[in-house]
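Dropping run-v4.pdb in here (PDB, C-alpha atoms):
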ATOM      1  CA  MET U   1     136.423-280.848 -48.377
ATOM      2  CA  SER U   2     136.155-283.066 -45.328
ATOM      3  CA  ASP U   3     136.610-286.830 -45.695
ATOM      4  CA  GLU U   4     134.062-287.563 -42.924
ATOM      5  CA  PRO U   5     131.027-289.560 -44.037
ATOM      6  CA  LEU U   6     127.956-287.411 -44.632
ATOM      7  CA  THR U   7     125.787-289.503 -42.269
ATOM      8  CA  GLU U   8     127.772-288.385 -39.261
ATOM      9  CA  ASN U   9     126.404-284.869 -39.702
ATOM     10  CA  LEU U  10     122.821-286.118 -39.703
ATOM     11  CA  GLY U  11     120.657-286.513 -36.594
ATOM     12  CA  PHE U  12     119.183-289.763 -35.278
ATOM     13  CA  TRP U  13     115.932-289.675 -37.282
ATOM     14  CA  PRO U  14     117.402-288.816 -40.697
ATOM     15  CA  GLN U  15     120.183-291.357 -40.136
ATOM     16  CA  HIS U  16     117.723-294.189 -39.433
ATOM     17  CA  ARG U  17     114.980-293.063 -41.761
ATOM     18  CA  PHE U  18     114.928-296.255 -43.825
ATOM     19  CA  LEU U  19     114.701-298.447 -40.728
ATOM     20  CA  ILE U  20     111.978-296.204 -39.344
ATOM     21  CA  LEU U  21     110.075-296.393 -42.634
ATOM     22  CA  VAL U  22     110.186-300.190 -42.632
ATOM     23  CA  GLY U  23     109.369-300.435 -38.907
ATOM     24  CA  SER U  24     106.443-298.013 -39.086
ATOM     25  CA  SER U  25     105.092-299.813 -42.178
ATOM     26  CA  VAL U  26     105.160-303.116 -40.317
ATOM     27  CA  ILE U  27     103.471-301.595 -37.245
ATOM     28  CA  LEU U  28     100.843-299.890 -39.376
ATOM     29  CA  SER U  29     100.061-303.097 -41.261
ATOM     30  CA  LEU U  30      99.794-304.999 -37.967
ATOM     31  CA  ILE U  31      97.359-302.405 -36.643
ATOM     32  CA  LEU U  32      95.285-302.636 -39.833
ATOM     33  CA  VAL U  33      95.238-306.457 -39.625
ATOM     34  CA  VAL U  34      94.052-306.313 -35.994
ATOM     35  CA  VAL U  35      91.347-303.776 -36.883
ATOM     36  CA  SER U  36      90.147-305.803 -39.884
ATOM     37  CA  MET U  37      90.091-309.034 -37.866
ATOM     38  CA  GLN U  38      88.113-307.251 -35.185
ATOM     39  CA  LEU U  39      85.618-306.045 -37.803
ATOM     40  CA  TYR U  40      85.496-309.528 -39.346
ATOM     41  CA  THR U  41      84.501-311.122 -36.051
ATOM     42  CA  SER U  42      82.321-308.372 -34.610
ATOM     43  CA  SER U  43      80.300-307.713 -37.777
ATOM     44  CA  GLY U  44      79.070-311.295 -38.043
ATOM     45  CA  ALA U  45      80.956-311.866 -41.308
ATOM     46  CA  ALA U  46      82.896-314.693 -39.660
ATOM     47  CA  GLN U  47      79.666-316.602 -39.117
ATOM     48  CA  LEU U  48      78.848-316.408 -42.837
ATOM     49  CA  ASP U  49      82.312-317.412 -43.996
ATOM     50  CA  LEU U  50      82.048-321.067 -44.940
ATOM     51  CA  SER U  51      85.617-321.162 -46.253
ATOM     52  CA  ARG U  52      86.866-321.363 -42.661
ATOM     53  CA  PRO U  53      88.312-324.656 -41.456
ATOM     54  CA  GLY U  54      85.556-326.895 -40.155
ATOM     55  CA  TYR U  55      83.025-325.711 -42.705
ATOM     56  CA  ARG U  56      84.623-327.194 -45.813
ATOM     57  CA  SER U  57      82.293-330.195 -45.695
ATOM     58  CA  VAL U  58      79.198-328.028 -46.057
ATOM     59  CA  SER U  59      80.482-325.067 -48.075
ATOM     60  CA  SER U  60      79.543-326.713 -51.377
ATOM     61  CA  GLN U  61      75.912-326.861 -50.256
ATOM     62  CA  ALA U  62      75.620-323.125 -49.719
ATOM     63  CA  LEU U  63      73.423-321.218 -52.133
ATOM     64  CA  LYS U  64      75.897-319.393 -54.387
ATOM     65  CA  SER U  65      73.307-316.891 -55.493
ATOM     66  CA  ASP U  66      69.587-316.529 -55.261
ATOM     67  CA  ASN U  67      68.977-316.109 -58.975
ATOM     68  CA  THR U  68      66.015-318.429 -58.688
ATOM     69  CA  PHE U  69      64.408-315.914 -56.370
ATOM     70  CA  GLN U  70      62.367-313.799 -58.739
ATOM     71  CA  GLN U  71      61.927-310.255 -57.511
ATOM     72  CA  TYR U  72      58.706-308.338 -57.796
ATOM     73  CA  ASP U  73      58.619-305.261 -59.977
ATOM     74  CA  ASP U  74      58.161-302.198 -57.767
ATOM     75  CA  THR U  75      56.852-300.060 -60.601
ATOM     76  CA  GLY U  76      53.555-300.270 -62.440
ATOM     77  CA  ALA U  77      49.900-300.226 -61.622
ATOM     78  CA  ILE U  78      48.193-302.184 -58.913
ATOM     79  CA  ASN U  79      45.514-304.400 -60.389
ATOM     80  CA  GLN U  80      44.216-307.921 -59.938
ATOM     81  CA  ALA U  81      46.884-309.330 -62.241
ATOM     82  CA  SER U  82      49.754-307.650 -60.342
ATOM     83  CA  ILE U  83      48.333-308.793 -56.985
ATOM     84  CA  ASP U  84      47.972-312.364 -58.307
ATOM     85  CA  GLN U  85      51.531-312.257 -59.611
ATOM     86  CA  PHE U  86      52.800-311.133 -56.216
ATOM     87  CA  LYS U  87      50.799-313.774 -54.383
ATOM     88  CA  ALA U  88      52.215-316.488 -56.651
ATOM     89  CA  LEU U  89      55.814-315.310 -56.106
ATOM     90  CA  TYR U  90      55.260-314.965 -52.390
ATOM     91  CA  ALA U  91      53.608-318.366 -51.989
ATOM     92  CA  LYS U  92      56.533-320.010 -53.784
ATOM     93  CA  GLN U  93      59.063-318.518 -51.345
ATOM     94  CA  VAL U  94      56.881-319.154 -48.306
ATOM     95  CA  GLN U  95      56.953-322.805 -49.296
ATOM     96  CA  ASN U  96      60.781-322.692 -49.151
ATOM     97  CA  VAL U  97      60.718-320.894 -45.808
ATOM     98  CA  LYS U  98      58.365-323.437 -44.281
ATOM     99  CA  ALA U  99      60.143-326.440 -45.800
ATOM    100  CA  ILE U 100      62.189-327.077 -42.672
ATOM    101  CA  ASP U 101      62.023-326.153 -39.031
ATOM    102  CA  ALA U 102      65.316-324.241 -38.969
ATOM    103  CA  PHE U 103      67.239-324.509 -35.699
ATOM    104  CA  GLY U 104      64.433-326.647 -34.320
ATOM    105  CA  GLY U 105      64.784-329.826 -32.343
ATOM    106  CA  ASP U 106      67.155-330.126 -29.459
ATOM    107  CA  PRO U 107      70.400-331.647 -30.709
ATOM    108  CA  MET U 108      72.349-330.140 -27.793
ATOM    109  CA  ASN U 109      70.246-331.864 -25.212
ATOM    110  CA  PRO U 110      72.605-333.414 -22.629
ATOM    111  CA  ASP U 111      70.750-336.723 -23.052
ATOM    112  CA  ALA U 112      71.405-336.704 -26.797
ATOM    113  CA  LEU U 113      75.067-335.874 -26.206
ATOM    114  CA  GLU U 114      75.226-338.468 -23.420
ATOM    115  CA  ILE U 115      76.594-335.973 -20.918
ATOM    116  CA  SER U 116      73.527-335.784 -18.722
ATOM    117  CA  ALA U 117      73.089-337.195 -15.254
ATOM    118  CA  ALA U 118      70.338-339.476 -16.598
ATOM    119  CA  SER U 119      72.160-342.748 -16.120
ATOM    120  CA  ASP U 120      73.891-341.465 -13.018
ATOM    121  CA  THR U 121      73.442-344.303 -10.524
ATOM    122  CA  SER U 122      75.602-342.824  -7.790
ATOM    123  CA  GLN U 123      72.749-340.571  -6.660
ATOM    124  CA  PRO U 124      70.569-341.989  -3.850
TER     125      PRO U 124
ATOM    126  CA  MET M   1      95.796-282.907 -12.357
ATOM    127  CA  LYS M   2      97.714-285.820 -10.852
ATOM    128  CA  ILE M   3      95.167-286.167  -8.035
ATOM    129  CA  LEU M   4      92.336-286.105 -10.557
ATOM    130  CA  PHE M   5      94.037-288.851 -12.552
ATOM    131  CA  ARG M   6      94.486-290.996  -9.440
ATOM    132  CA  PHE M   7      90.875-290.420  -8.442
ATOM    133  CA  GLY M   8      89.735-291.463 -11.916
ATOM    134  CA  LEU M   9      91.891-294.564 -11.713
ATOM    135  CA  LEU M  10      90.411-295.466  -8.320
ATOM    136  CA  VAL M  11      86.858-294.987  -9.568
ATOM    137  CA  GLY M  12      87.617-297.147 -12.609
ATOM    138  CA  LEU M  13      89.156-299.863 -10.451
ATOM    139  CA  PHE M  14      86.162-299.771  -8.118
ATOM    140  CA  GLY M  15      83.847-300.135 -11.117
ATOM    141  CA  VAL M  16      85.734-303.169 -12.368
ATOM    142  CA  VAL M  17      85.690-304.800  -8.899
ATOM    143  CA  LEU M  18      81.965-304.082  -8.586
ATOM    144  CA  ALA M  19      81.282-305.589 -12.024
ATOM    145  CA  ILE M  20      83.226-308.746 -11.157
ATOM    146  CA  ALA M  21      81.465-308.984  -7.788
ATOM    147  CA  GLN M  22      78.093-308.714  -9.553
ATOM    148  CA  PHE M  23      78.968-311.289 -12.183
ATOM    149  CA  ALA M  24      80.767-313.870 -10.052
ATOM    150  CA  PRO M  25      77.921-315.048  -7.799
ATOM    151  CA  ALA M  26      75.472-315.177 -10.733
ATOM    152  CA  HIS M  27      77.929-317.231 -12.726
ATOM    153  CA  ALA M  28      78.546-319.504  -9.786
ATOM    154  CA  GLN M  29      74.818-320.090  -9.374
ATOM    155  CA  GLN M  30      74.573-321.195 -13.006
ATOM    156  CA  GLN M  31      76.965-324.065 -12.396
ATOM    157  CA  PRO M  32      74.798-327.146 -12.096
ATOM    158  CA  PRO M  33      75.509-329.440  -9.200
ATOM    159  CA  MET M  34      77.441-332.263 -10.746
ATOM    160  CA  SER M  35      78.150-335.641  -9.278
ATOM    161  CA  ASP M  36      81.373-337.566  -9.790
ATOM    162  CA  ALA M  37      79.473-340.117 -11.862
ATOM    163  CA  GLN M  38      78.288-337.430 -14.268
ATOM    164  CA  ILE M  39      81.782-336.033 -14.559
ATOM    165  CA  ILE M  40      83.019-339.496 -15.487
ATOM    166  CA  ARG M  41      80.148-339.828 -17.951
ATOM    167  CA  ILE M  42      81.107-336.528 -19.606
ATOM    168  CA  ARG M  43      84.730-337.656 -19.850
ATOM    169  CA  THR M  44      83.631-340.963 -21.389
ATOM    170  CA  SER M  45      81.291-339.373 -23.949
ATOM    171  CA  CYS M  46      83.603-336.456 -24.543
ATOM    172  CA  VAL M  47      84.895-337.422 -27.990
ATOM    173  CA  SER M  48      81.511-338.438 -29.415
ATOM    174  CA  ALA M  49      79.877-335.284 -27.981
ATOM    175  CA  LEU M  50      82.567-333.126 -29.590
ATOM    176  CA  ASN M  51      82.056-334.881 -32.935
ATOM    177  CA  THR M  52      78.315-334.287 -32.751
ATOM    178  CA  LEU M  53      78.823-330.643 -31.802
ATOM    179  CA  ASN M  54      81.337-330.124 -34.612
ATOM    180  CA  GLN M  55      78.854-331.516 -37.135
ATOM    181  CA  LEU M  56      76.095-329.356 -35.666
ATOM    182  CA  HIS M  57      78.395-326.328 -35.835
ATOM    183  CA  ALA M  58      78.956-326.859 -39.564
ATOM    184  CA  SER M  59      75.340-327.719 -40.434
ATOM    185  CA  ASP M  60      73.999-324.733 -38.472
ATOM    186  CA  ALA M  61      76.463-322.437 -40.283
ATOM    187  CA  LEU M  62      75.127-323.697 -43.610
ATOM    188  CA  LEU M  63      71.570-323.232 -42.373
ATOM    189  CA  ARG M  64      72.390-319.678 -41.278
ATOM    190  CA  VAL M  65      73.831-318.788 -44.693
ATOM    191  CA  ASN M  66      71.000-320.301 -46.734
ATOM    192  CA  ARG M  67      68.153-319.214 -44.474
ATOM    193  CA  GLY M  68      69.673-315.777 -44.090
ATOM    194  CA  GLN M  69      69.650-315.313 -47.862
ATOM    195  CA  LEU M  70      66.062-316.517 -48.088
ATOM    196  CA  TYR M  71      64.804-314.271 -45.293
ATOM    197  CA  GLU M  72      66.708-311.282 -46.673
ATOM    198  CA  SER M  73      65.383-311.817 -50.201
ATOM    199  CA  LEU M  74      61.826-312.252 -48.983
ATOM    200  CA  SER M  75      62.015-308.777 -47.502
ATOM    201  CA  THR M  76      64.019-306.896 -50.134
ATOM    202  CA  LYS M  77      62.745-308.631 -53.275
ATOM    203  CA  LEU M  78      59.105-309.098 -52.401
ATOM    204  CA  MET M  79      57.708-307.326 -49.313
ATOM    205  CA  GLN M  80      59.462-303.977 -49.700
ATOM    206  CA  ARG M  81      58.921-303.901 -53.449
ATOM    207  CA  PHE M  82      55.202-304.619 -53.176
ATOM    208  CA  ASN M  83      54.851-301.928 -50.480
ATOM    209  CA  THR M  84      56.657-299.420 -52.704
ATOM    210  CA  ARG M  85      54.490-300.248 -55.698
ATOM    211  CA  ALA M  86      51.291-299.958 -53.647
ATOM    212  CA  VAL M  87      52.352-296.616 -52.138
ATOM    213  CA  ARG M  88      53.249-295.283 -55.586
ATOM    214  CA  ALA M  89      49.764-296.272 -56.722
ATOM    215  CA  ASN M  90      48.341-294.296 -53.755
ATOM    216  CA  PHE M  91      47.134-297.255 -51.725
ATOM    217  CA  ALA M  92      47.247-297.154 -47.938
ATOM    218  CA  VAL M  93      49.405-300.066 -46.861
ATOM    219  CA  THR M  94      50.388-299.168 -43.298
ATOM    220  CA  ASP M  95      49.628-302.717 -42.151
ATOM    221  CA  LEU M  96      51.954-304.207 -44.770
ATOM    222  CA  GLN M  97      54.652-301.637 -43.978
ATOM    223  CA  SER M  98      54.351-302.308 -40.262
ATOM    224  CA  ILE M  99      54.746-306.069 -40.752
ATOM    225  CA  THR M 100      57.732-305.521 -43.061
ATOM    226  CA  MET M 101      59.361-303.246 -40.492
ATOM    227  CA  ASN M 102      58.829-305.729 -37.657
ATOM    228  CA  TYR M 103      60.101-308.505 -39.895
ATOM    229  CA  GLY M 104      63.268-306.459 -40.548
ATOM    230  CA  HIS M 105      63.823-305.892 -36.824
ATOM    231  CA  THR M 106      63.363-309.587 -36.106
ATOM    232  CA  LEU M 107      65.785-310.426 -38.906
ATOM    233  CA  ASP M 108      68.378-308.171 -37.236
ATOM    234  CA  THR M 109      67.731-309.920 -33.911
ATOM    235  CA  PHE M 110      68.088-313.292 -35.635
ATOM    236  CA  ARG M 111      71.507-312.263 -37.001
ATOM    237  CA  LEU M 112      72.721-311.081 -33.589
ATOM    238  CA  ASP M 113      71.334-314.096 -31.743
ATOM    239  CA  TYR M 114      72.904-316.478 -34.234
ATOM    240  CA  GLN M 115      76.253-314.701 -33.824
ATOM    241  CA  ALA M 116      76.003-315.030 -30.024
ATOM    242  CA  TYR M 117      75.085-318.715 -30.367
ATOM    243  CA  GLU M 118      77.928-319.445 -32.783
ATOM    244  CA  GLU M 119      80.466-317.694 -30.564
ATOM    245  CA  GLN M 120      79.244-319.656 -27.542
ATOM    246  CA  LEU M 121      79.329-322.975 -29.414
ATOM    247  CA  SER M 122      82.849-322.187 -30.661
ATOM    248  CA  ALA M 123      83.865-321.422 -27.076
ATOM    249  CA  ALA M 124      82.363-324.735 -25.916
ATOM    250  CA  LEU M 125      84.266-326.609 -28.621
ATOM    251  CA  LYS M 126      87.512-325.069 -27.400
ATOM    252  CA  VAL M 127      87.035-326.364 -23.848
ATOM    253  CA  ASP M 128      89.071-329.485 -23.123
ATOM    254  CA  CYS M 129      86.171-331.685 -22.045
ATOM    255  CA  SER M 130      88.364-334.439 -20.621
ATOM    256  CA  LYS M 131      90.166-332.017 -18.326
ATOM    257  CA  GLN M 132      87.365-329.509 -17.692
ATOM    258  CA  PRO M 133      84.101-331.507 -17.843
ATOM    259  CA  VAL M 134      82.088-329.074 -15.713
ATOM    260  CA  GLU M 135      83.143-326.068 -17.794
ATOM    261  CA  PHE M 136      82.366-328.031 -20.951
ATOM    262  CA  TYR M 137      78.880-328.940 -19.710
ATOM    263  CA  THR M 138      78.168-325.342 -18.709
ATOM    264  CA  ALA M 139      79.400-323.978 -22.044
ATOM    265  CA  VAL M 140      77.292-326.481 -24.013
ATOM    266  CA  ASP M 141      74.250-325.715 -21.877
ATOM    267  CA  LEU M 142      74.674-321.995 -22.527
ATOM    268  CA  ALA M 143      75.058-322.618 -26.262
ATOM    269  CA  ARG M 144      71.884-324.730 -26.147
ATOM    270  CA  THR M 145      69.974-321.832 -24.555
ATOM    271  CA  LYS M 146      71.267-319.456 -27.234
ATOM    272  CA  ARG M 147      70.278-321.891 -29.993
ATOM    273  CA  THR M 148      66.754-321.981 -28.562
ATOM    274  CA  LYS M 149      66.696-318.186 -28.829
ATOM    275  CA  VAL M 150      67.675-318.435 -32.520
ATOM    276  CA  HIS M 151      64.838-320.915 -33.051
ATOM    277  CA  THR M 152      62.418-318.508 -31.380
ATOM    278  CA  ASP M 153      63.567-315.771 -33.791
ATOM    279  CA  VAL M 154      62.976-318.110 -36.746
ATOM    280  CA  GLN M 155      59.464-318.872 -35.472
ATOM    281  CA  GLN M 156      58.834-315.144 -35.087
ATOM    282  CA  LEU M 157      60.020-314.527 -38.648
ATOM    283  CA  ASP M 158      57.748-317.312 -39.915
ATOM    284  CA  GLN M 159      54.873-315.695 -38.045
ATOM    285  CA  TYR M 160      55.538-312.358 -39.789
ATOM    286  CA  VAL M 161      55.677-314.193 -43.122
ATOM    287  CA  ASP M 162      52.197-315.570 -42.390
ATOM    288  CA  ASP M 163      50.969-312.183 -41.176
ATOM    289  CA  TYR M 164      52.141-310.561 -44.397
ATOM    290  CA  GLU M 165      50.302-313.189 -46.438
ATOM    291  CA  THR M 166      47.117-312.505 -44.463
ATOM    292  CA  ALA M 167      47.600-308.741 -44.894
ATOM    293  CA  ILE M 168      48.008-309.211 -48.654
ATOM    294  CA  THR M 169      44.694-311.089 -48.765
ATOM    295  CA  ALA M 170      43.072-308.241 -46.821
ATOM    296  CA  PHE M 171      44.660-305.733 -49.206
ATOM    297  CA  GLU M 172      43.302-307.700 -52.165
ATOM    298  CA  GLN M 173      39.803-307.577 -50.697
ATOM    299  CA  ARG M 174      40.094-303.825 -50.168
ATOM    300  CA  TYR M 175      41.314-303.443 -53.734
ATOM    301  CA  GLN M 176      38.421-305.502 -55.117
ATOM    302  CA  GLN M 177      35.884-303.511 -53.132
ATOM    303  CA  ALA M 178      37.449-300.255 -54.324
ATOM    304  CA  ALA M 179      37.508-301.532 -57.914
ATOM    305  CA  GLN M 180      33.806-302.379 -57.705
ATOM    306  CA  GLY M 181      33.113-298.925 -56.326
ATOM    307  CA  VAL M 182      32.183-300.186 -52.841
ATOM    308  CA  ASN M 183      33.338-298.192 -49.862
ATOM    309  CA  PRO M 184      35.555-300.551 -47.785
ATOM    310  CA  SER M 185      34.509-298.914 -44.510
TER     311      SER M 185
END
Rewrite the structure from the file as C-alpha cells, please.
Amino acid sequence: MSDEPLTENLGFWPQHRFLILVGSSVILSLILVVVSMQLYTSSGAAQLDLSRPGYRSVSSQALKSDNTFQQYDDTGAINQASIDQFKALYAKQVQNVKAIDAFGGDPMNPDALEISAASDTSQP
Amino acid sequence: MKILFRFGLLVGLFGVVLAIAQFAPAHAQQQPPMSDAQIIRIRTSCVSALNTLNQLHASDALLRVNRGQLYESLSTKLMQRFNTRAVRANFAVTDLQSITMNYGHTLDTFRLDYQAYEEQLSAALKVDCSKQPVEFYTAVDLARTKRTKVHTDVQQLDQYVDDYETAITAFEQRYQQAAQGVNPS
C-alpha cells in the first residue's frame, strides 16, 4: 500500500470537482437572474409592479381584485332578459371607463414644468 | 472559413456604422435650439420639475394598473362572453366580434405604448438635469410625446367601447325583429 494521498492520482477535474460544482452553480444562478430580470423588464411586468421604490405612495390605491366586476354568463339562451342583463352590466362598467380622462391633459408641458423658453428674455 | 468570418465581421461592422450614421443626424435634428437663458431656467426649475415628474410617474403607474384591469375585464368578462353566448345561440354577431377583436389589438398597443412611455420617463428621471439640461429637456419632451400616444390609445379604446354599445343596440333590434317574425333585411 502506498502512503501517497489518493487525490494525487486524480486529474484536474475530479480533484476540483467540489469547487467546480459551487462555481458552476453560482454562474448558472447568475445567468438565470439575468434572464429573469430581462423578462421582467421586457414583458411589461415591471410597469405593473407597484411594490417598486417610488410607487409605495400609490400602491395602496391599486385595485387588489376586480371582484366587483360581475362577469356575464356565456351560456344560456339569448332573449330580451339576457340582453337587458348584459346592457345593464356593460353600462355600469362603461360609466367607470368614462369616469376620468386617463392620461389626458398635458402635465409634461414645458410651461407647466417651468422649463420652457416662455419667459426667456434673452431672445431678441 | 477564416476569410468568410472576416467578411461577415466587416459586413456587420458596416451595418452598425450605417445604422449610427442614419440615427445620428435625425437625433441631432430633434435637439431643440436652446438659449443660455432657457438652460439657466431648466437648472433653476430642475428640482421642482423632477418632483412633479416623480409624482406623475407614480400616479400614471397606478392609472395603468387600474385602467388596465378595467379594460381587460371589459373584454374578457363582458364582450367576449356575450359574443360566445350569441354564437352558441346561432346569432350572427360578426360586427360585435370585429369590434372586440379591434379592441383587443388596441389594448395590446396601449400596453406597449405605456411601456415605451414609462421607460422614456424613467430615462428622463435618471438624467442629471442640473448638469445636462438639454438632454433632460429632450428626454422629457420625448416622454411627453409618448404619453400623448398612450392617451390616443385610451381614446381609441373608449371609442370601441362606444361602438360595442351601439352594436349591442343594433343586435337587440335585430333580435326583436326576429322574435316578432319580421325579416330584418
Up to 8 Å from chain M, what residues of chain U turn up? Count all atoms listed in the file and give them as number ranges by chain.
U: 44, 47-48, 50, 54-55, 57-59, 61-63, 66, 69-80, 83, 86-87, 89-90, 93-94, 97-98, 102-104, 106-110, 113-117, 120-123
So how many Å separate atom CA of Lys146 of chain M and atom CA of Tyr117 of chain M, to one decimal?
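Interatomic distance, atom CA of Lys146 of chain M to atom CA of Tyr117 of chain M: 5.0 Å.
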Report, in Å to a single decimal, how far apart atom CA of Leu107 of chain M and atom CA of Arg174 of chain M are.
28.8 Å
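What separates atom CA of Ala92 of chain M from atom CA of Asn96 of chain U is a distance of 28.9 Å.
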Pick the closest to Gly104 of chain M from M:Gln156, M:Leu125, M:Ala139, M:Lys131: which is it, counting only C-alpha atoms?
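The closest residue to Gly104 of chain M is M:Gln156.
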Once N, CA and C atoms are restored for segment 82-107 of chain U, what would the output be as a short mmCIF file (atom, residue, chain, number, x, y, z; two decimals), keeping the file's coordinate frame?
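Produced file rebuild_12.cif, reproduced below:
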data_model
loop_
_atom_site.label_atom_id
_atom_site.label_comp_id
_atom_site.auth_asym_id
_atom_site.auth_seq_id
_atom_site.Cartn_x
_atom_site.Cartn_y
_atom_site.Cartn_z
N SER U 82 48.49 -307.89 -61.08
CA SER U 82 49.75 -307.65 -60.34
C SER U 82 49.69 -308.23 -58.93
N ILE U 83 48.49 -308.20 -58.33
CA ILE U 83 48.33 -308.79 -56.98
C ILE U 83 48.49 -310.31 -57.08
N ASP U 84 47.86 -310.90 -58.11
CA ASP U 84 47.97 -312.36 -58.31
C ASP U 84 49.42 -312.78 -58.55
N GLN U 85 50.12 -311.94 -59.32
CA GLN U 85 51.53 -312.26 -59.61
C GLN U 85 52.34 -312.24 -58.31
N PHE U 86 52.07 -311.22 -57.49
CA PHE U 86 52.80 -311.13 -56.22
C PHE U 86 52.49 -312.33 -55.33
N LYS U 87 51.20 -312.66 -55.26
CA LYS U 87 50.80 -313.77 -54.38
C LYS U 87 51.46 -315.08 -54.82
N ALA U 88 51.58 -315.26 -56.14
CA ALA U 88 52.22 -316.49 -56.65
C ALA U 88 53.70 -316.53 -56.27
N LEU U 89 54.38 -315.38 -56.45
CA LEU U 89 55.81 -315.31 -56.11
C LEU U 89 56.02 -315.52 -54.61
N TYR U 90 55.14 -314.89 -53.85
CA TYR U 90 55.26 -314.96 -52.39
C TYR U 90 55.01 -316.39 -51.89
N ALA U 91 53.97 -317.00 -52.42
CA ALA U 91 53.61 -318.37 -51.99
C ALA U 91 54.75 -319.34 -52.27
N LYS U 92 55.41 -319.13 -53.41
CA LYS U 92 56.53 -320.01 -53.78
C LYS U 92 57.66 -319.92 -52.74
N GLN U 93 57.97 -318.70 -52.31
CA GLN U 93 59.06 -318.52 -51.34
C GLN U 93 58.66 -318.93 -49.93
N VAL U 94 57.37 -318.73 -49.63
CA VAL U 94 56.88 -319.15 -48.31
C VAL U 94 57.04 -320.67 -48.17
N GLN U 95 56.79 -321.34 -49.28
CA GLN U 95 56.95 -322.80 -49.30
C GLN U 95 58.40 -323.19 -48.93
N ASN U 96 59.36 -322.43 -49.47
CA ASN U 96 60.78 -322.69 -49.15
C ASN U 96 61.08 -322.39 -47.69
N VAL U 97 60.49 -321.29 -47.20
CA VAL U 97 60.72 -320.89 -45.81
C VAL U 97 60.19 -321.96 -44.85
N LYS U 98 59.02 -322.48 -45.18
CA LYS U 98 58.36 -323.44 -44.28
C LYS U 98 58.84 -324.88 -44.49
N ALA U 99 59.71 -325.07 -45.46
CA ALA U 99 60.14 -326.44 -45.80
C ALA U 99 60.77 -327.16 -44.62
N ILE U 100 61.56 -326.44 -43.84
CA ILE U 100 62.19 -327.08 -42.67
C ILE U 100 62.04 -326.20 -41.43
N ASP U 101 62.08 -326.86 -40.32
CA ASP U 101 62.02 -326.15 -39.03
C ASP U 101 63.47 -325.79 -38.65
N ALA U 102 63.91 -324.63 -39.17
CA ALA U 102 65.32 -324.24 -38.97
C ALA U 102 65.64 -324.04 -37.49
N PHE U 103 66.73 -324.59 -37.07
CA PHE U 103 67.24 -324.51 -35.70
C PHE U 103 66.27 -325.12 -34.68
N GLY U 104 65.39 -325.97 -35.20
CA GLY U 104 64.43 -326.65 -34.32
C GLY U 104 65.08 -327.88 -33.70
N GLY U 105 64.26 -328.64 -33.02
CA GLY U 105 64.78 -329.83 -32.34
C GLY U 105 65.67 -329.43 -31.18
N ASP U 106 66.28 -330.42 -30.60
CA ASP U 106 67.16 -330.13 -29.46
C ASP U 106 68.41 -331.00 -29.52
N PRO U 107 69.23 -330.77 -30.55
CA PRO U 107 70.40 -331.65 -30.71
C PRO U 107 71.46 -331.47 -29.62
#
